[in-house]
Structure formats: C-alpha cells, structure tokens
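Chemist: Here you go, this is start.tsv (TSV, C-alpha atoms).
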chain	number	residue	atom	x	y	z
A	273	MET	CA	63.57	-94.98	279.86
A	274	ASN	CA	64.24	-94.95	276.11
A	275	PRO	CA	61.30	-94.17	273.81
A	276	PRO	CA	60.02	-97.05	271.65
A	277	LYS	CA	61.87	-97.58	268.40
A	278	LEU	CA	60.38	-96.55	265.09
A	279	ARG	CA	59.36	-99.72	263.24
A	280	TRP	CA	60.43	-99.64	259.60
A	281	GLY	CA	59.57	-101.41	256.37
A	282	ILE	CA	61.34	-101.17	253.00
A	283	LEU	CA	59.42	-101.03	249.72
A	284	GLY	CA	61.59	-102.93	247.27
A	285	ASP	CA	64.79	-104.95	247.19
A	286	ALA	CA	66.88	-102.16	245.64
A	287	ALA	CA	70.67	-102.22	245.44
A	288	ILE	CA	70.83	-98.97	247.41
A	289	ASN	CA	69.35	-100.82	250.40
A	290	GLN	CA	72.77	-102.34	251.03
A	291	ARG	CA	74.17	-98.92	251.85
A	292	LEU	CA	71.43	-98.16	254.36
A	293	LEU	CA	71.01	-101.56	256.04
A	294	PRO	CA	74.08	-101.15	258.31
A	295	ALA	CA	72.63	-97.84	259.51
A	296	PHE	CA	69.31	-99.49	260.36
A	297	ARG	CA	71.26	-102.00	262.46
A	298	ALA	CA	73.42	-99.33	264.15
A	299	SER	CA	70.63	-96.87	264.90
A	300	LYS	CA	69.24	-96.91	268.45
A	301	THR	CA	65.91	-95.51	267.20
A	302	ALA	CA	65.21	-97.88	264.30
A	303	ASP	CA	63.69	-101.35	264.26
A	304	LEU	CA	63.66	-102.75	260.71
A	305	ARG	CA	60.70	-105.12	260.68
A	306	ALA	CA	59.74	-105.87	257.07
A	307	ILE	CA	60.65	-105.77	253.39
A	308	ALA	CA	58.40	-106.10	250.35
A	309	SER	CA	59.04	-106.95	246.74
A	310	ARG	CA	56.93	-107.66	243.67
A	311	SER	CA	57.08	-111.37	244.44
A	312	LEU	CA	57.07	-113.25	247.73
A	313	GLU	CA	60.03	-115.34	246.58
A	314	LYS	CA	62.20	-112.24	246.05
A	315	ALA	CA	61.03	-110.67	249.31
A	316	LYS	CA	61.83	-113.85	251.25
A	317	ALA	CA	65.29	-114.04	249.68
A	318	ALA	CA	65.99	-110.44	250.73
A	319	SER	CA	64.58	-111.10	254.20
A	320	VAL	CA	66.91	-114.05	254.75
A	321	ARG	CA	69.94	-112.37	253.20
A	322	ASP	CA	69.55	-109.13	255.16
A	323	GLY	CA	68.14	-110.47	258.43
A	324	ILE	CA	64.79	-108.68	258.11
A	325	PRO	CA	62.06	-110.52	260.09
A	326	VAL	CA	59.06	-110.24	257.76
A	327	ALA	CA	58.75	-110.61	253.98
A	328	HIS	CA	55.69	-109.28	252.13
A	329	ARG	CA	54.56	-110.39	248.68
A	330	SER	CA	53.68	-106.84	247.59
A	331	TYR	CA	54.30	-103.22	248.49
A	332	LEU	CA	50.63	-102.84	249.40
A	333	ASP	CA	50.78	-105.78	251.81
A	334	LEU	CA	53.65	-104.10	253.64
A	335	LEU	CA	51.71	-100.84	253.86
A	336	LYS	CA	48.87	-102.77	255.50
A	337	ASP	CA	51.21	-104.24	258.12
A	338	PRO	CA	50.15	-102.86	261.55
A	339	ASN	CA	53.65	-103.52	262.90
A	340	VAL	CA	55.25	-100.98	260.55
A	341	ASP	CA	55.27	-97.28	261.47
A	342	ALA	CA	57.45	-95.86	258.70
A	343	VAL	CA	58.66	-96.88	255.25
A	344	TYR	CA	61.81	-96.30	253.27
A	345	ILE	CA	61.12	-95.97	249.53
A	346	PRO	CA	64.15	-96.76	247.34
A	347	LEU	CA	62.09	-97.22	244.16
A	348	PRO	CA	62.90	-95.56	240.79
A	349	ASN	CA	62.20	-91.83	240.57
A	350	HIS	CA	58.96	-92.12	238.59
A	351	MET	CA	57.44	-94.35	241.29
A	352	HIS	CA	58.10	-92.06	244.26
A	353	ASP	CA	54.90	-90.04	243.95
A	354	GLU	CA	52.55	-93.05	243.69
A	355	TRP	CA	54.00	-95.03	246.58
A	356	THR	CA	54.54	-92.06	248.87
A	357	ARG	CA	50.84	-91.26	248.47
A	358	LYS	CA	49.85	-94.86	249.13
A	359	ALA	CA	52.07	-94.97	252.20
A	360	ALA	CA	50.44	-91.79	253.48
A	361	ASP	CA	47.01	-93.29	252.83
A	362	HIS	CA	47.97	-96.13	255.18
A	363	GLY	CA	49.25	-93.78	257.88
A	364	LYS	CA	52.93	-94.57	257.36
A	365	HIS	CA	55.67	-91.99	257.78
A	366	ILE	CA	57.93	-91.82	254.75
A	367	LEU	CA	61.63	-91.54	254.04
A	368	CYS	CA	61.84	-91.38	250.25
A	369	GLU	CA	64.96	-91.63	248.14
A	370	LYS	CA	65.99	-88.43	246.42
A	371	PRO	CA	64.73	-86.71	244.36
A	372	LEU	CA	61.31	-86.75	245.97
A	373	THR	CA	59.59	-86.44	242.57
A	374	VAL	CA	60.59	-85.82	238.95
A	375	THR	CA	59.19	-82.26	238.82
A	376	ALA	CA	58.51	-79.44	241.28
A	377	PRO	CA	54.72	-79.30	240.73
A	378	GLU	CA	54.54	-83.01	241.59
A	379	ALA	CA	56.61	-82.40	244.72
A	380	GLU	CA	54.43	-79.49	245.84
A	381	LYS	CA	51.25	-81.54	245.51
A	382	LEU	CA	52.82	-84.56	247.20
A	383	VAL	CA	54.07	-82.59	250.20
A	384	ALA	CA	50.62	-81.07	250.66
A	385	TYR	CA	49.04	-84.52	250.38
A	386	THR	CA	51.23	-86.12	253.03
A	387	ARG	CA	50.60	-83.22	255.37
A	388	SER	CA	46.85	-83.63	254.86
A	389	LYS	CA	47.26	-87.25	255.99
A	390	GLY	CA	49.17	-86.28	259.12
A	391	VAL	CA	52.34	-88.24	258.31
A	392	ARG	CA	55.96	-87.12	258.27
A	393	LEU	CA	57.87	-86.98	255.00
A	394	MET	CA	61.59	-86.53	254.33
A	395	ASP	CA	63.64	-87.03	251.18
A	396	GLY	CA	66.72	-89.16	251.61
A	397	PHE	CA	69.60	-86.71	251.36
A	398	MET	CA	72.04	-87.92	253.99
A	399	TRP	CA	74.74	-85.24	254.04
A	400	PRO	CA	72.56	-82.52	255.70
A	401	HIS	CA	72.44	-84.80	258.77
A	402	HIS	CA	76.19	-85.29	259.17
A	403	PRO	CA	77.74	-83.39	262.11
A	404	ARG	CA	80.39	-82.08	259.70
A	405	THR	CA	77.67	-80.27	257.77
A	406	HIS	CA	76.43	-78.59	260.96
A	407	LYS	CA	80.01	-77.73	261.93
A	408	ILE	CA	80.65	-76.08	258.56
A	409	ARG	CA	77.40	-74.13	258.81
A	410	LYS	CA	78.36	-72.73	262.22
A	411	PHE	CA	81.86	-71.97	260.94
A	412	LEU	CA	80.49	-70.01	257.98
A	413	ASP	CA	77.86	-68.23	260.07
A	414	SER	CA	80.57	-67.07	262.47
A	415	GLY	CA	82.10	-65.03	259.67
A	416	ALA	CA	85.26	-67.12	259.66
A	417	ILE	CA	85.71	-66.77	255.89
A	418	GLY	CA	83.93	-63.43	255.52
A	419	THR	CA	80.93	-63.04	253.25
A	420	ILE	CA	80.09	-66.03	251.06
A	421	LYS	CA	80.66	-64.94	247.49
A	422	LYS	CA	80.48	-68.13	245.43
A	423	VAL	CA	79.97	-71.90	245.55
A	424	ASN	CA	81.45	-74.41	243.11
A	425	THR	CA	80.53	-78.08	243.26
A	426	ALA	CA	80.67	-81.34	241.36
A	427	PHE	CA	79.15	-84.81	241.55
A	428	THR	CA	80.20	-87.08	238.70
A	429	PHE	CA	81.02	-90.74	238.19
A	430	ASN	CA	81.69	-92.94	235.18
A	431	LEU	CA	78.69	-95.09	234.25
A	432	ALA	CA	80.56	-97.47	231.98
A	433	GLY	CA	79.04	-97.73	228.52
A	434	LEU	CA	75.94	-95.72	229.49
A	435	PRO	CA	73.76	-98.85	229.15
A	436	THR	CA	70.08	-98.22	228.48
A	437	SER	CA	69.31	-101.19	230.74
A	438	ASN	CA	70.37	-99.01	233.69
A	439	ILE	CA	67.46	-97.15	235.28
A	440	ARG	CA	69.54	-93.95	235.22
A	441	MET	CA	69.48	-94.05	231.41
A	442	GLN	CA	65.71	-94.42	231.02
A	443	PRO	CA	63.78	-91.18	230.46
A	444	GLU	CA	60.42	-92.77	231.31
A	445	ALA	CA	61.80	-93.67	234.76
A	446	GLY	CA	63.03	-90.16	235.56
A	447	GLY	CA	66.61	-90.92	234.53
A	448	GLY	CA	69.48	-88.57	233.77
A	449	GLY	CA	72.40	-87.09	235.62
A	450	LEU	CA	70.56	-83.99	236.87
A	451	LEU	CA	67.96	-85.96	238.81
A	452	ASP	CA	70.43	-88.63	239.93
A	453	VAL	CA	73.47	-86.63	241.09
A	454	GLY	CA	72.73	-83.05	240.02
A	455	CYS	CA	70.13	-82.89	242.77
A	456	TYR	CA	73.06	-83.04	245.21
A	457	THR	CA	74.98	-80.20	243.59
A	458	THR	CA	71.84	-78.07	243.27
A	459	TYR	CA	70.85	-78.68	246.89
A	460	ALA	CA	74.36	-77.91	248.15
A	461	ILE	CA	74.56	-74.63	246.26
A	462	ARG	CA	71.27	-73.47	247.76
A	463	TRP	CA	72.32	-74.72	251.20
A	464	TRP	CA	75.71	-72.99	251.32
A	465	MET	CA	74.66	-69.80	249.51
A	466	GLY	CA	71.74	-69.48	251.92
A	467	ALA	CA	69.42	-68.29	249.16
A	468	GLU	CA	67.45	-69.40	246.12
A	469	PRO	CA	68.79	-68.66	242.62
A	470	VAL	CA	66.68	-66.38	240.45
A	471	LYS	CA	67.95	-67.61	237.08
A	472	VAL	CA	70.00	-70.49	235.71
A	473	TRP	CA	71.89	-71.47	232.59
A	474	ALA	CA	72.92	-75.03	231.77
A	475	THR	CA	74.40	-77.05	228.94
A	476	ALA	CA	74.22	-80.81	228.67
A	477	THR	CA	75.07	-83.86	226.61
A	478	PHE	CA	72.13	-86.19	225.95
A	479	VAL	CA	72.15	-89.94	225.29
A	480	ASN	CA	68.91	-91.93	224.96
A	481	ASN	CA	67.08	-88.66	225.66
A	482	VAL	CA	68.54	-88.25	229.15
A	483	ASP	CA	71.28	-85.86	230.24
A	484	VAL	CA	74.51	-87.74	230.90
A	485	ALA	CA	76.70	-84.68	231.56
A	486	MET	CA	75.57	-81.22	232.62
A	487	SER	CA	77.33	-78.01	233.63
A	488	GLY	CA	75.69	-74.80	234.67
A	489	VAL	CA	75.63	-71.45	236.41
A	490	MET	CA	73.10	-70.23	238.95
A	491	THR	CA	72.65	-66.49	239.51
A	492	PHE	CA	71.24	-65.02	242.71
A	493	ALA	CA	69.26	-61.82	243.29
A	494	ASP	CA	72.29	-60.02	244.72
A	495	GLY	CA	74.45	-60.87	241.70
A	496	ARG	CA	76.39	-63.75	243.24
A	497	THR	CA	76.88	-66.85	241.11
A	498	ALA	CA	77.49	-70.56	241.66
A	499	ASN	CA	78.84	-73.20	239.27
A	500	PHE	CA	78.26	-76.95	239.09
A	501	ASP	CA	78.75	-79.99	236.94
A	502	CYS	CA	77.22	-83.43	237.26
A	503	GLY	CA	76.68	-86.61	235.36
A	504	PHE	CA	77.88	-90.04	234.27
A	505	THR	CA	80.84	-89.35	231.96
A	506	HIS	CA	83.67	-88.24	234.28
A	507	PRO	CA	85.52	-90.02	237.11
A	508	LEU	CA	84.14	-89.81	240.63
A	509	ARG	CA	84.17	-86.23	241.91
A	510	THR	CA	82.25	-85.35	245.08
A	511	TRP	CA	83.46	-81.98	246.30
A	512	VAL	CA	82.22	-78.53	247.26
A	513	GLU	CA	84.17	-75.27	247.35
A	514	ILE	CA	82.71	-72.34	249.30
A	515	VAL	CA	84.41	-69.06	248.43
A	516	GLY	CA	84.32	-66.29	251.02
A	517	SER	CA	85.61	-62.74	250.88
A	518	GLU	CA	88.48	-63.66	253.22
A	519	ALA	CA	89.07	-67.40	252.79
A	520	VAL	CA	87.87	-70.57	251.09
A	521	VAL	CA	86.34	-73.77	252.48
A	522	ARG	CA	86.87	-76.97	250.51
A	523	VAL	CA	84.87	-80.08	251.37
A	524	PRO	CA	86.06	-83.38	249.88
A	525	ASN	CA	83.70	-86.35	249.81
A	526	MET	CA	80.81	-83.98	250.49
A	527	TRP	CA	78.04	-86.48	249.80
A	528	ILE	CA	79.61	-89.64	251.24
A	529	PRO	CA	82.11	-88.59	253.94
A	530	ASP	CA	84.85	-90.99	254.95
A	531	ASP	CA	85.45	-91.78	258.62
A	532	LYS	CA	87.63	-88.70	259.10
A	533	ALA	CA	85.14	-86.29	257.45
A	534	VAL	CA	87.42	-83.32	256.98
A	535	PHE	CA	86.99	-79.89	255.52
A	536	GLN	CA	89.82	-77.51	254.69
A	537	VAL	CA	90.13	-73.79	255.23
A	538	LEU	CA	92.44	-72.04	252.75
A	539	ARG	CA	93.72	-68.54	253.50
A	540	GLN	CA	95.82	-66.51	251.11
A	541	LYS	CA	99.27	-65.48	252.35
A	542	GLY	CA	101.00	-62.84	250.27
A	543	ASP	CA	100.21	-62.91	246.59
A	544	PHE	CA	100.56	-66.61	245.78
A	545	ASP	CA	100.96	-68.58	249.00
A	546	THR	CA	98.20	-70.41	250.86
A	547	GLU	CA	97.83	-71.46	254.48
A	548	ILE	CA	95.70	-74.60	254.83
A	549	GLU	CA	93.91	-75.67	258.01
A	550	GLU	CA	92.21	-79.07	258.16
A	551	ILE	CA	89.25	-79.67	260.48
A	552	ALA	CA	87.92	-83.21	261.05
A	553	THR	CA	84.66	-84.64	262.37
A	554	PRO	CA	85.59	-88.30	262.76
A	555	GLY	CA	83.60	-91.40	263.54
A	556	GLU	CA	80.13	-90.27	262.46
A	557	ASN	CA	77.64	-92.14	260.26
A	558	GLN	CA	75.40	-89.74	258.37
A	559	MET	CA	72.87	-92.48	257.59
A	560	VAL	CA	72.39	-93.26	261.28
A	561	HIS	CA	71.98	-89.55	261.98
A	562	MET	CA	69.36	-89.30	259.21
A	563	LEU	CA	67.32	-92.18	260.65
A	564	ASP	CA	67.59	-90.79	264.17
A	565	ASP	CA	66.64	-87.26	263.07
A	566	PHE	CA	63.59	-88.63	261.28
A	567	ALA	CA	62.58	-90.75	264.28
A	568	ALA	CA	62.81	-87.68	266.52
A	569	ALA	CA	60.49	-85.76	264.20
A	570	VAL	CA	57.94	-88.59	264.29
A	571	ARG	CA	58.21	-88.97	268.06
A	572	GLU	CA	57.90	-85.21	268.67
A	573	LYS	CA	55.08	-84.83	266.10
A	574	ARG	CA	56.89	-82.13	264.15
A	575	GLU	CA	58.31	-81.61	260.69
A	576	PRO	CA	61.70	-83.19	260.05
A	577	VAL	CA	64.74	-81.00	259.46
A	578	PRO	CA	65.26	-80.31	256.60
A	579	ASN	CA	61.52	-80.25	255.99
A	580	PRO	CA	59.92	-81.45	252.74
A	581	ASP	CA	59.41	-77.92	251.40
A	582	GLU	CA	63.12	-78.11	250.54
A	583	ALA	CA	62.24	-80.77	247.96
A	584	VAL	CA	59.82	-78.37	246.29
A	585	LYS	CA	62.36	-75.54	246.18
A	586	LEU	CA	65.02	-77.91	244.88
A	587	GLY	CA	62.65	-79.17	242.21
A	588	ARG	CA	61.96	-75.66	240.94
A	589	VAL	CA	65.66	-75.04	240.36
A	590	MET	CA	66.15	-78.42	238.67
A	591	ASP	CA	63.12	-77.87	236.44
A	592	ALA	CA	64.68	-74.58	235.31
A	593	LEU	CA	68.07	-76.25	234.73
A	594	ALA	CA	66.46	-79.00	232.66
A	595	LYS	CA	64.61	-76.45	230.52
A	596	SER	CA	67.77	-74.39	230.06
A	597	ALA	CA	69.81	-77.41	228.95
A	598	ARG	CA	67.10	-78.56	226.51
A	599	GLU	CA	66.44	-75.15	224.97
A	600	GLY	CA	69.86	-73.51	225.21
A	601	ILE	CA	68.55	-70.42	227.00
A	602	GLU	CA	68.85	-68.80	230.40
A	603	VAL	CA	65.75	-69.58	232.47
A	604	LYS	CA	64.16	-67.76	235.39
A	605	VAL	CA	63.47	-69.89	238.46
Can you dump the structure from the file as structure tokens?
Modeler:
Amino acid sequence: MNPPKLRWGILGDAAINQRLLPAFRASKTADLRAIASRSLEKAKAASVRDGIPVAHRSYLDLLKDPNVDAVYIPLPNHMHDEWTRKAADHGKHILCEKPLTVTAPEAEKLVAYTRSKGVRLMDGFMWPHHPRTHKIRKFLDSGAIGTIKKVNTAFTFNLAGLPTSNIRMQPEAGGGGLLDVGCYTTYAIRWWMGAEPVKVWATATFVNNVDVAMSGVMTFADGRTANFDCGFTHPLRTWVEIVGSEAVVRVPNMWIPDDKAVFQVLRQKGDFDTEIEEIATPGENQMVHMLDDFAAAVREKREPVPNPDEAVKLGRVMDALAKSAREGIEVKV
C-alpha cells in the first residue's frame, strides 16, 4: 500500500511555477491542492490555467487551509523569511526557492525557528537531487580522478537591457547575480570540494546598486582554490569542472540537466593529448526527485537531504563574497 501523498499549496503565481508544475504532476508523492495570490481573481486564473483545484485570495488563507500539508514558496528573495515563518506558524512544511534568505544571520535564525515549530524546511536547489549528482559523487569518492585539487564553475545568462523593472535588478528585493545564480556556483564549489572556504576574493560590476557580473576565488584551509563567475551580462553558461590529481570531470548543464544528463571524464595522454569518456544518466527529472526526497523526509519525520543548515553555510560564503566585491578586499568566511 502506497503512503498518502503530500498535499501541496503554492504561495504566489510566479513565472518559475511553470518549471515546477510538470514535476508536481509527474511525482507519485505529490498532490498539488491549492494556489494563492494577492487577489482572488489572479489566484482563480492561475488555478484554471494550471489545473490546481483550489484558489485562495491571500497567502494567509492558503496557510490556514487544513487540506494543505506543505507549501512551495517562489516569492522574491526578500519575502522568503517572512512567509517561511508564517508557514511554520501554521504547521506547514516548506520548500522555499533559493536562496533561503538574503543573509546568513537571517538563514540561521529562520532554520532554528522552523525546527522549533516541528516542520521540515528545504531550499529549492534541484541539482543535488538528480541521480547524476549522486553518480558523480560516488565516482569522485572512489578515487577515480585522484585527489580533488580545484573546482571551476560558471552560471551566467544575458538579462537583456538589465531592466530595473525586473526583480533581479532591485536591491530592496534581494536582487543581484550573486543571490540569483551565484548561489549555484557557490553551493557547487562547496559540494564538490567537500569543504568550506576560509577566505574569498571577488570583483563585480554594479548596476542599480546590484551586482550584474561577479568573478571570484575561494581559498580553502589546505591551500586549494576554486574559481567562479556568475551574473547577467554573458551568454548562458551552466558548467562545472572538477580538477583531480589524475583526471578532470566536466559537467555541462549542471543546474538544469538535459534528458541525457552526461558528465565527461578527461584523462591526459602524453603531453598534449586527451582521452574523453562520457557517462550518461538519462531519463531523470531532478524536480520530481526533489519533491519525492522532500516528501520522504516529511513522511519519515527526519531532516531532508541536503538539510537546511546548508543554506546557512552557503549564506556565510555569499555574505563574504558580497563584502569582498563591495570593498575590494579579501574577506575571511
């Protein structure tokens, strides 16, 4: 007998919902019951368009719905803290869009608060849930490329015209490339290096008082380094390179894998030749896996994996990067 499905509600008719709605439909553990907006008219329109049974006139009304167990929060960054707390107050489990909060101290307090309320909390990074990610981790841990020496990564895309009407360009809403896409590069570096950086250096270009392009270096306690760049001023780039002492792993489309979901292993042959092996993990939907992993944590009354402490650690590194880019100095984490 299958366990009962986790009943979901969505706080807000955000554009990003359209990426996750197919996963809600495909998941065997999810039952999407309700959506809320700031007006009943907008909520009803979303309900009809997306086939969601119940429309609520306000976020608070949805949180009071006894037929909702968990909520997905796709709201702007500066609203995550408030509505995650309110969801916890109403006993709802929470999947919150990344980054969990704008700063690490906020994240630390929020994680403690949700735990005090006995609800499960996970930030919405999808790629840690993809089977390719687990396959790469096992591959690295087996020593297949030797000791991991360095990680290089990028997440950029062109935001045409950098319009201040876009939420990403509004400092009061927690905008900027670091919080929007740099959180991915920062998380991946920590994930693949298997450690926390001890100091960082970053440089950035600012428009409307938000970073629109940032590059940086993270240094670890053992002397290893990692490089990244992120932002809104270059074409789409979504890759990770993991450099080992004996070989290199390259991961294209790291954050949004295609159906084939490959990674490549590059081994040096002679002085200037390379042997390339390609390993695929086809047919997997990382969003479905994320929903199912979260449902399992709720059902088993345990912390999700990754657990929300990762959001706090991530926030500390991003806070240091932001300070470094603003002040032009190397910053301890």
Chemist: For Asn289 of chain A, which residue among A:Phe535, A:Tyr344, A:Tyr459, A:Trp399 is the nearest when counting all atoms listed in the file?
Modeler: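 Of A:Phe535, A:Tyr344, A:Tyr459, A:Trp399, the one nearest Asn289 of chain A is A:Tyr344, counting all atoms listed in the file.
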Chemist: Please measure the separation of atom CA of Lys421 of chain A and atom CA of Leu508 of chain A, giving the value in Å to one decimal.
Modeler: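 Atom-to-atom, atom CA of Lys421 of chain A to atom CA of Leu508 of chain A, that is 26.0 Å.
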Chemist: Expressed in Å to a single decimal, how great is the separation between atom CA of Gly284 of chain A and atom CA of Leu347 of chain A?
Modeler: 6.5 Å
Chemist: Interatomic distance between atom CA of Ile514 of chain A and atom CA of Ala426 of chain A?
Modeler: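 If I compute the distance from atom CA of Ile514 of chain A to atom CA of Ala426 of chain A, I get 12.2 Å.
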Chemist: Looking at A:Gln442, A:Thr436, A:Thr356, A:Thr497, which one is nearest to Lys381 of chain A, with distances taken over all atoms listed in the file?
Modeler: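 Under the stated criterion, the closest residue is A:Thr356.
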Chemist: Rank nothing, just name the residue among A:Ala306, A:Ala460, A:Val570, A:Leu283 nearest to Thr405 of chain A, using all atoms listed in the file.
Modeler: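 Ranked by minimum distance to Thr405 of chain A, first place goes to A:Ala460.
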Chemist: For Arg440 of chain A, which of A:Ala416, A:Ala498, A:Val489, A:Val482 is the closest residue, counting all atoms listed in the file?
Modeler: A:Val482
Chemist: For Trp511 of chain A, which of A:Leu335, A:Asn424, A:Ala597, A:Pro325 is the closest residue, counting all atoms listed in the file?
Modeler: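 Closest candidate: A:Asn424.
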Chemist: I'd like the contact shell of Leu412 of chain A - 12 Å cut-off, all atoms listed in the file, skipping same-chain residues fewer than 5 positions apart - returned as a list of chain:residue names.
Modeler: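 Counting only the stated atoms, we get A:Thr405, A:His406, A:Lys407, A:Ile417, A:Gly418, A:Thr419, A:Ile420, A:Lys421, A:Trp463, A:Trp464, A:Met465, A:Gly466, A:Ile514, A:Val515, A:Gly516, A:Ser517, A:Glu518, A:Ala519, A:Val520, A:Val521, A:Val537.
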Chemist: Might you pull out every residue within 8 Å of Val391 of chain A, with all atoms listed in the file counted and same-chain residues fewer than 6 positions away left off, and present them as a list of chain:residue names?
Modeler: A:Ala360, A:Gly363, A:Lys364, A:His365, A:Ile366
Chemist: What's around Pro554 of chain A at 9 Å? Count all atoms listed in the file, leave out sequence neighbours fewer than 2 positions away in its own chain, and write the answer as a list in words.
Modeler: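 What passes the distance filter is Arg404, Asp530, Asp531, Lys532, Ala533, Val534, Ala552 and Glu556 of chain A.
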Chemist: Give me, as a list in words, all polymer residues having an atom no more than 7 Å from Ser309 of chain A, counting only C-alpha atoms and skipping those fewer than 4 positions away in the same chain.
Modeler: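 Result of the neighbour search: Leu283, Gly284, Asp285, Lys314, Ala315, His328, Arg329, Ser330 and Tyr331 of chain A.
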Chemist: Set the distance at 9 Å and use only C-alpha atoms: which residues neighbour Val472 of chain A once local chain neighbours fewer than 3 positions away are removed? I'd like the list as number ranges by chain.
Modeler: A: 469, 488-492, 589, 592-593, 596, 601-605
Chemist: Take the residues from that selection and write them out as a PDB file, in the frame of the given file, keeping C-alpha atoms.
Modeler:
ATOM      1  CA  PRO A 469      68.790 -68.660 242.620  1.00  0.00           C
ATOM      2  CA  GLY A 488      75.690 -74.800 234.670  1.00  0.00           C
ATOM      3  CA  VAL A 489      75.630 -71.450 236.410  1.00  0.00           C
ATOM      4  CA  MET A 490      73.100 -70.230 238.950  1.00  0.00           C
ATOM      5  CA  THR A 491      72.650 -66.490 239.510  1.00  0.00           C
ATOM      6  CA  PHE A 492      71.240 -65.020 242.710  1.00  0.00           C
ATOM      7  CA  VAL A 589      65.660 -75.040 240.360  1.00  0.00           C
ATOM      8  CA  ALA A 592      64.680 -74.580 235.310  1.00  0.00           C
ATOM      9  CA  LEU A 593      68.070 -76.250 234.730  1.00  0.00           C
ATOM     10  CA  SER A 596      67.770 -74.390 230.060  1.00  0.00           C
ATOM     11  CA  ILE A 601      68.550 -70.420 227.000  1.00  0.00           C
ATOM     12  CA  GLU A 602      68.850 -68.800 230.400  1.00  0.00           C
ATOM     13  CA  VAL A 603      65.750 -69.580 232.470  1.00  0.00           C
ATOM     14  CA  LYS A 604      64.160 -67.760 235.390  1.00  0.00           C
ATOM     15  CA  VAL A 605      63.470 -69.890 238.460  1.00  0.00           C
TER      16      VAL A 605
END
Chemist: Choose the residue, out of A:Ala594, A:Ala474, A:Ala568, A:Ala467, that has the smallest atom-to-atom separation from Ala493 of chain A; count only C-alpha atoms.
Modeler: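 Counting only C-alpha atoms, the residue closest to Ala493 of chain A is A:Ala467.
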